[in-house]
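Undergrad: This is run.cif (mmCIF, C-alpha atoms and all ligand atoms).
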```
data_final
#
loop_
_atom_site.label_atom_id
_atom_site.label_comp_id
_atom_site.auth_asym_id
_atom_site.auth_seq_id
_atom_site.Cartn_x
_atom_site.Cartn_y
_atom_site.Cartn_z
CA MET A 177 0.00 0.00 0.00
CA ILE A 178 1.14 3.52 -0.76
CA PRO A 179 -0.04 6.65 1.05
CA ALA A 180 -2.54 8.94 -0.67
CA ALA A 181 -1.15 11.94 -2.52
CA ARG A 182 -0.85 15.10 -0.48
CA ALA A 183 -3.82 17.43 -0.90
CA PRO A 184 -3.51 20.18 -1.76
CA ARG A 185 -0.24 19.78 -3.60
CA PRO A 186 2.28 22.43 -2.49
CA ASP A 187 3.00 23.36 -6.10
CA ASP A 188 -0.35 22.36 -7.69
CA ASP A 189 1.43 19.62 -9.63
CA PRO A 190 -1.15 16.80 -9.76
CA ARG A 191 1.43 14.06 -10.27
CA TYR A 192 2.26 11.60 -7.47
CA ALA A 193 5.80 12.42 -6.32
CA VAL A 194 8.37 9.79 -5.27
CA ALA A 195 11.82 10.64 -3.87
CA LEU A 196 14.63 8.06 -3.74
CA VAL A 197 17.42 8.66 -1.23
CA CYS A 198 20.85 7.16 -0.55
CA LEU A 199 24.08 8.54 0.94
CA GLY A 200 25.97 10.07 -1.98
CA ASN A 201 23.34 10.23 -4.79
CA ILE A 202 25.84 8.86 -7.26
CA CYS A 203 25.15 5.09 -7.08
CA ARG A 204 22.00 3.52 -5.61
CA SER A 205 19.33 6.23 -5.66
CA PRO A 206 20.29 7.46 -9.16
CA MET A 207 20.08 3.87 -10.45
CA ALA A 208 16.65 3.52 -8.82
CA ASP A 209 15.63 6.93 -10.24
CA VAL A 210 16.47 5.92 -13.82
CA VAL A 211 14.81 2.49 -13.53
CA LEU A 212 11.64 3.68 -11.74
CA SER A 213 11.30 6.66 -14.09
CA ALA A 214 11.30 4.25 -17.05
CA ALA A 215 8.75 1.98 -15.34
CA VAL A 216 6.29 4.83 -14.67
CA ALA A 217 6.88 6.80 -17.88
CA ASP A 218 3.20 6.37 -18.86
CA LEU A 219 1.83 7.38 -15.43
CA PRO A 220 1.21 10.76 -13.74
CA VAL A 221 4.18 10.17 -11.45
CA VAL A 222 7.32 12.26 -10.93
CA VAL A 223 10.51 10.66 -9.60
CA ALA A 224 13.59 12.37 -8.16
CA SER A 225 16.65 11.29 -6.15
CA ALA A 226 19.00 12.83 -3.60
CA GLY A 227 21.73 11.97 -1.12
CA THR A 228 21.67 12.57 2.61
CA GLY A 229 25.28 13.78 2.19
CA GLY A 230 26.49 16.61 -0.02
CA TRP A 231 30.01 15.51 -1.04
CA HIS A 232 29.10 14.72 -4.65
CA VAL A 233 26.58 17.49 -5.42
CA GLY A 234 26.66 18.37 -9.13
CA GLU A 235 28.54 15.24 -10.18
CA PRO A 236 27.25 12.70 -12.72
CA MET A 237 26.53 9.13 -11.72
CA ASP A 238 29.40 6.88 -10.58
CA ARG A 239 30.89 5.44 -13.79
CA ARG A 240 30.34 1.84 -12.60
CA ALA A 241 26.66 2.53 -11.88
CA ALA A 242 26.31 4.25 -15.26
CA ALA A 243 28.02 1.33 -17.06
CA VAL A 244 25.70 -1.26 -15.52
CA LEU A 245 22.64 0.82 -16.43
CA ARG A 246 23.86 1.27 -20.02
CA ALA A 247 24.55 -2.47 -20.33
CA HIS A 248 20.89 -3.07 -19.43
CA GLY A 249 19.49 -0.52 -21.87
CA TYR A 250 19.00 2.54 -19.65
CA ASP A 251 20.31 6.08 -20.16
CA PRO A 252 22.20 7.36 -17.07
CA SER A 253 23.52 10.52 -18.74
CA GLY A 254 21.06 13.04 -17.32
CA HIS A 255 21.89 12.55 -13.66
CA ARG A 256 23.52 15.24 -11.49
CA ALA A 257 23.85 14.59 -7.77
CA ARG A 258 21.73 16.59 -5.32
CA GLN A 259 21.51 16.69 -1.54
CA PHE A 260 18.19 15.98 0.19
CA ASP A 261 16.60 19.14 1.56
CA ALA A 262 14.06 19.13 4.39
CA ASP A 263 11.48 20.78 2.13
CA TRP A 264 11.38 17.56 0.08
CA HIS A 265 9.27 16.13 2.92
CA ASP A 266 6.53 18.59 1.90
CA ARG A 267 7.03 18.20 -1.84
CA PHE A 268 7.01 14.39 -2.09
CA ASP A 269 4.23 11.89 -1.36
CA LEU A 270 6.66 9.05 -0.72
CA VAL A 271 10.33 9.25 0.35
CA LEU A 272 12.14 5.92 -0.07
CA ALA A 273 15.51 5.24 1.58
CA MET A 274 18.01 2.73 0.26
CA ASP A 275 19.30 1.61 3.69
CA GLU A 276 18.57 1.93 7.39
CA ASP A 277 21.13 4.72 7.88
CA ASN A 278 19.47 6.77 5.14
CA LEU A 279 16.06 6.02 6.68
CA ALA A 280 17.19 7.23 10.11
CA ALA A 281 18.77 10.37 8.59
CA LEU A 282 15.40 11.15 6.97
CA GLY A 283 13.53 10.79 10.25
CA GLY A 284 11.76 7.56 9.25
CA PRO A 285 10.11 5.23 9.28
CA THR A 286 6.75 6.98 8.93
CA GLU A 287 3.80 6.45 6.59
CA ARG A 288 5.59 8.49 3.89
CA ILE A 289 9.24 7.67 4.73
CA ARG A 290 10.15 4.01 4.15
CA LEU A 291 12.79 1.65 2.87
CA PHE A 292 12.68 1.38 -0.94
CA ARG A 293 12.81 -2.40 -0.64
CA SER A 294 9.66 -2.46 1.49
CA PHE A 295 8.17 -2.90 -2.04
CA ASP A 296 10.55 -5.75 -3.01
CA PRO A 297 8.46 -8.80 -3.99
CA LEU A 298 11.28 -11.03 -2.68
CA GLY A 299 11.02 -9.42 0.75
CA PRO A 300 12.15 -6.25 2.49
CA GLY A 301 15.73 -5.28 3.22
CA GLU A 302 18.40 -2.72 2.39
CA VAL A 303 20.02 -1.88 -0.95
CA PRO A 304 23.66 -2.39 0.09
CA ASP A 305 26.15 0.38 -0.66
CA PRO A 306 28.22 -0.77 -3.68
CA TYR A 307 30.62 2.20 -3.64
CA TYR A 308 33.61 0.51 -2.03
CA GLY A 309 33.05 -2.91 -3.63
CA GLY A 310 33.48 -4.48 -7.06
CA ASP A 311 31.37 -4.47 -10.22
CA ASP A 312 29.30 -7.42 -8.96
CA GLY A 313 27.80 -5.15 -6.32
CA PHE A 314 26.40 -2.84 -8.99
CA GLU A 315 24.78 -5.75 -10.86
CA GLU A 316 23.25 -6.91 -7.58
CA VAL A 317 21.91 -3.41 -6.89
CA LEU A 318 20.38 -3.22 -10.38
CA ALA A 319 18.59 -6.57 -9.93
CA MET A 320 17.10 -5.43 -6.60
CA VAL A 321 16.17 -2.07 -8.07
CA GLU A 322 14.52 -3.53 -11.19
CA ARG A 323 12.25 -5.98 -9.38
CA THR A 324 11.37 -3.44 -6.65
CA ALA A 325 10.69 -0.65 -9.15
CA ALA A 326 8.43 -2.97 -11.17
CA ALA A 327 6.38 -3.81 -8.06
CA LEU A 328 6.20 -0.17 -6.99
CA ALA A 329 5.14 0.84 -10.51
CA GLU A 330 2.25 -1.65 -10.30
CA GLU A 331 1.10 -0.06 -7.03
CA LEU A 332 1.30 3.39 -8.59
CA ARG A 333 -0.62 2.14 -11.64
CA GLY A 334 -3.37 0.90 -9.32
CA ARG A 335 -3.94 4.23 -7.62
P1 LIG B 401 25.46 5.91 -2.89
O1 LIG B 401 26.97 5.42 -2.76
O2 LIG B 401 25.01 6.35 -1.50
O3 LIG B 401 24.75 4.70 -3.37
O4 LIG B 401 25.46 7.03 -3.89
C1 LIG B 401 27.97 6.19 -2.16
C2 LIG B 401 28.58 7.19 -2.86
C3 LIG B 401 29.59 7.93 -2.27
C4 LIG B 401 29.96 7.68 -0.98
C5 LIG B 401 29.33 6.69 -0.24
C6 LIG B 401 28.32 5.95 -0.84
N1 LIG B 401 30.98 8.44 -0.38
O5 LIG B 401 31.34 8.14 0.78
O6 LIG B 401 31.51 9.36 -1.01
#
```
Rewrite the structure of this file - the entire thing - as structure tokens.
Ligand code: 4NP
TA:
Amino acid sequence: MIPAARAPRPDDDPRYAVALVCLGNICRSPMADVVLSAAVADLPVVVASAGTGGWHVGEPMDRRAAAVLRAHGYDPSGHRARQFDADWHDRFDLVLAMDEDNLAALGGPTERIRLFRSFDPLGPGEVPDPYYGGDDGFEEVLAMVERTAAALAEELRGR
């Protein structure tokens, strides 16, 4: 179940708004942003991503994350890292954290602030940080992200 859209919308945008949040906004949440955006392209849904930290603001996606996305047919080129701002809590209907640290930094869990993988059909958990690991970690993240985004897109379609 997903929470109802905020009413009235702060900016009068009628689309359901989903924010995806990790630590650096160069690996996990940008991958989830690209994949979920593709899955809801035909729906009145807007997707954005941010990091709880600001070290990488303005940078493109991590090259390993971008390579895995490209290998699976996605376009990672538009991403530029942003830091989560408290006003996103008013602007977004659903704020989804990649791991428990991100969730705690966002002040969750609440009805609107949850783990992204609470929608994983294989069961809830974290999206592990692949930044300090090898290429396998990025493939693993993409698999989690693809199945979770597909399930979340179905929920959004059913609204
Ligand atoms: P992300 O990965 O949170 O999935 O974007 C990380 C990116 C950068 C750092 C940590 C995690 N960092 O420490 O710079």
Undergrad: Within 8 Å of Arg258 (chain A), counting all atoms listed in the file, which residues show up once you throw out same-chain ones fewer than 6 positions away? Write them as a list in words, please.
TA: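 So, after excluding close chain neighbours, the residues are Asn201, Ser225, Ala226, Gly227, Gly230, His232, Val233 and Gly234 of chain A.
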Undergrad: Given the choices A:Gly301, A:Gly254, A:Gly334, A:Pro306, which gets closest to Asp209 (chain A) if the distance is worked out from all atoms listed in the file?
TA: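 Among the listed residues, the smallest separation from Asp209 (chain A) belongs to A:Gly254.
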Undergrad: Measuring atom to atom with only C-alpha atoms, identify which of A:Ala181, A:Met320, A:Met207, A:Val271 is nearest to Leu298 (chain A).
TA: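 Looking at the shortest contact to Leu298 (chain A), the residue is A:Met320.
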Undergrad: Would you compute the distance between CA of Glu276 (chain A) and CA of Val197 (chain A)? Give it in Å to one decimal.
TA: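 Straight-line distance from CA of Glu276 (chain A) to CA of Val197 (chain A) works out to 11.0 Å.
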Undergrad: Which residues form the shell of 10 Å around ligand LIG 401 (chain B) when you count all atoms listed in the file, given as a PDB file with C-alpha atoms, keeping the file's coordinate frame?
TA:
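Now in selection_0.pdb:
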```
ATOM      1  CA  VAL A 197      17.420   8.660  -1.230  1.00  0.00           C
ATOM      2  CA  CYS A 198      20.850   7.160  -0.550  1.00  0.00           C
ATOM      3  CA  LEU A 199      24.080   8.540   0.940  1.00  0.00           C
ATOM      4  CA  GLY A 200      25.970  10.070  -1.980  1.00  0.00           C
ATOM      5  CA  ASN A 201      23.340  10.230  -4.790  1.00  0.00           C
ATOM      6  CA  ILE A 202      25.840   8.860  -7.260  1.00  0.00           C
ATOM      7  CA  CYS A 203      25.150   5.090  -7.080  1.00  0.00           C
ATOM      8  CA  ARG A 204      22.000   3.520  -5.610  1.00  0.00           C
ATOM      9  CA  SER A 205      19.330   6.230  -5.660  1.00  0.00           C
ATOM     10  CA  PRO A 206      20.290   7.460  -9.160  1.00  0.00           C
ATOM     11  CA  MET A 207      20.080   3.870 -10.450  1.00  0.00           C
ATOM     12  CA  ALA A 208      16.650   3.520  -8.820  1.00  0.00           C
ATOM     13  CA  ALA A 226      19.000  12.830  -3.600  1.00  0.00           C
ATOM     14  CA  GLY A 227      21.730  11.970  -1.120  1.00  0.00           C
ATOM     15  CA  THR A 228      21.670  12.570   2.610  1.00  0.00           C
ATOM     16  CA  GLY A 229      25.280  13.780   2.190  1.00  0.00           C
ATOM     17  CA  GLY A 230      26.490  16.610  -0.020  1.00  0.00           C
ATOM     18  CA  TRP A 231      30.010  15.510  -1.040  1.00  0.00           C
ATOM     19  CA  HIS A 232      29.100  14.720  -4.650  1.00  0.00           C
ATOM     20  CA  MET A 237      26.530   9.130 -11.720  1.00  0.00           C
ATOM     21  CA  ASP A 238      29.400   6.880 -10.580  1.00  0.00           C
ATOM     22  CA  ALA A 241      26.660   2.530 -11.880  1.00  0.00           C
ATOM     23  CA  ALA A 257      23.850  14.590  -7.770  1.00  0.00           C
ATOM     24  CA  MET A 274      18.010   2.730   0.260  1.00  0.00           C
ATOM     25  CA  ASP A 275      19.300   1.610   3.690  1.00  0.00           C
ATOM     26  CA  ASN A 278      19.470   6.770   5.140  1.00  0.00           C
ATOM     27  CA  VAL A 303      20.020  -1.880  -0.950  1.00  0.00           C
ATOM     28  CA  PRO A 304      23.660  -2.390   0.090  1.00  0.00           C
ATOM     29  CA  ASP A 305      26.150   0.380  -0.660  1.00  0.00           C
ATOM     30  CA  PRO A 306      28.220  -0.770  -3.680  1.00  0.00           C
ATOM     31  CA  TYR A 307      30.620   2.200  -3.640  1.00  0.00           C
ATOM     32  CA  TYR A 308      33.610   0.510  -2.030  1.00  0.00           C
ATOM     33  CA  PHE A 314      26.400  -2.840  -8.990  1.00  0.00           C
ATOM     34  CA  VAL A 317      21.910  -3.410  -6.890  1.00  0.00           C
TER      35      VAL A 317
END
```
Undergrad: Place N, CA, C and O atoms on region 255-271 of chain A and deliver the coordinates as a tab-separated table (two decimals), keeping the file's coordinate frame.
TA:
```tsv
chain	number	residue	atom	x	y	z
A	255	HIS	N	21.83	12.38	-15.12
A	255	HIS	CA	21.89	12.55	-13.66
A	255	HIS	C	22.94	13.56	-13.21
A	255	HIS	O	24.08	13.53	-13.68
A	256	ARG	N	22.56	14.41	-12.24
A	256	ARG	CA	23.52	15.24	-11.49
A	256	ARG	C	23.14	15.14	-10.03
A	256	ARG	O	21.97	15.30	-9.68
A	257	ALA	N	24.14	14.88	-9.18
A	257	ALA	CA	23.85	14.59	-7.77
A	257	ALA	C	23.30	15.82	-7.04
A	257	ALA	O	23.76	16.94	-7.24
A	258	ARG	N	22.33	15.56	-6.18
A	258	ARG	CA	21.73	16.59	-5.32
A	258	ARG	C	21.71	16.09	-3.89
A	258	ARG	O	21.72	14.88	-3.64
A	259	GLN	N	21.65	17.04	-2.95
A	259	GLN	CA	21.51	16.69	-1.54
A	259	GLN	C	20.06	16.86	-1.12
A	259	GLN	O	19.40	17.84	-1.50
A	260	PHE	N	19.57	15.91	-0.31
A	260	PHE	CA	18.19	15.98	0.19
A	260	PHE	C	18.02	17.23	1.02
A	260	PHE	O	18.85	17.55	1.87
A	261	ASP	N	16.93	17.96	0.78
A	261	ASP	CA	16.60	19.14	1.56
A	261	ASP	C	15.31	18.86	2.33
A	261	ASP	O	14.42	18.18	1.83
A	262	ALA	N	15.23	19.41	3.55
A	262	ALA	CA	14.06	19.13	4.39
A	262	ALA	C	12.74	19.47	3.70
A	262	ALA	O	11.72	18.83	3.97
A	263	ASP	N	12.75	20.43	2.78
A	263	ASP	CA	11.48	20.78	2.13
A	263	ASP	C	10.96	19.68	1.20
A	263	ASP	O	9.81	19.71	0.78
A	264	TRP	N	11.85	18.70	0.88
A	264	TRP	CA	11.38	17.56	0.08
A	264	TRP	C	10.29	16.77	0.82
A	264	TRP	O	9.48	16.10	0.21
A	265	HIS	N	10.31	16.83	2.15
A	265	HIS	CA	9.27	16.13	2.92
A	265	HIS	C	7.89	16.70	2.63
A	265	HIS	O	6.89	16.00	2.76
A	266	ASP	N	7.81	17.98	2.26
A	266	ASP	CA	6.53	18.59	1.90
A	266	ASP	C	6.20	18.40	0.43
A	266	ASP	O	5.04	18.41	0.04
A	267	ARG	N	7.23	18.23	-0.39
A	267	ARG	CA	7.03	18.20	-1.84
A	267	ARG	C	6.76	16.80	-2.37
A	267	ARG	O	6.27	16.65	-3.50
A	268	PHE	N	7.13	15.76	-1.59
A	268	PHE	CA	7.01	14.39	-2.09
A	268	PHE	C	5.98	13.60	-1.30
A	268	PHE	O	5.85	13.77	-0.09
A	269	ASP	N	5.25	12.73	-1.99
A	269	ASP	CA	4.23	11.89	-1.36
A	269	ASP	C	4.87	10.69	-0.68
A	269	ASP	O	4.34	10.17	0.30
A	270	LEU	N	5.99	10.25	-1.22
A	270	LEU	CA	6.66	9.05	-0.72
A	270	LEU	C	8.17	9.29	-0.80
A	270	LEU	O	8.66	9.72	-1.86
A	271	VAL	N	8.88	9.07	0.30
A	271	VAL	CA	10.33	9.25	0.35
A	271	VAL	C	10.92	7.89	0.71
A	271	VAL	O	10.66	7.35	1.80
```
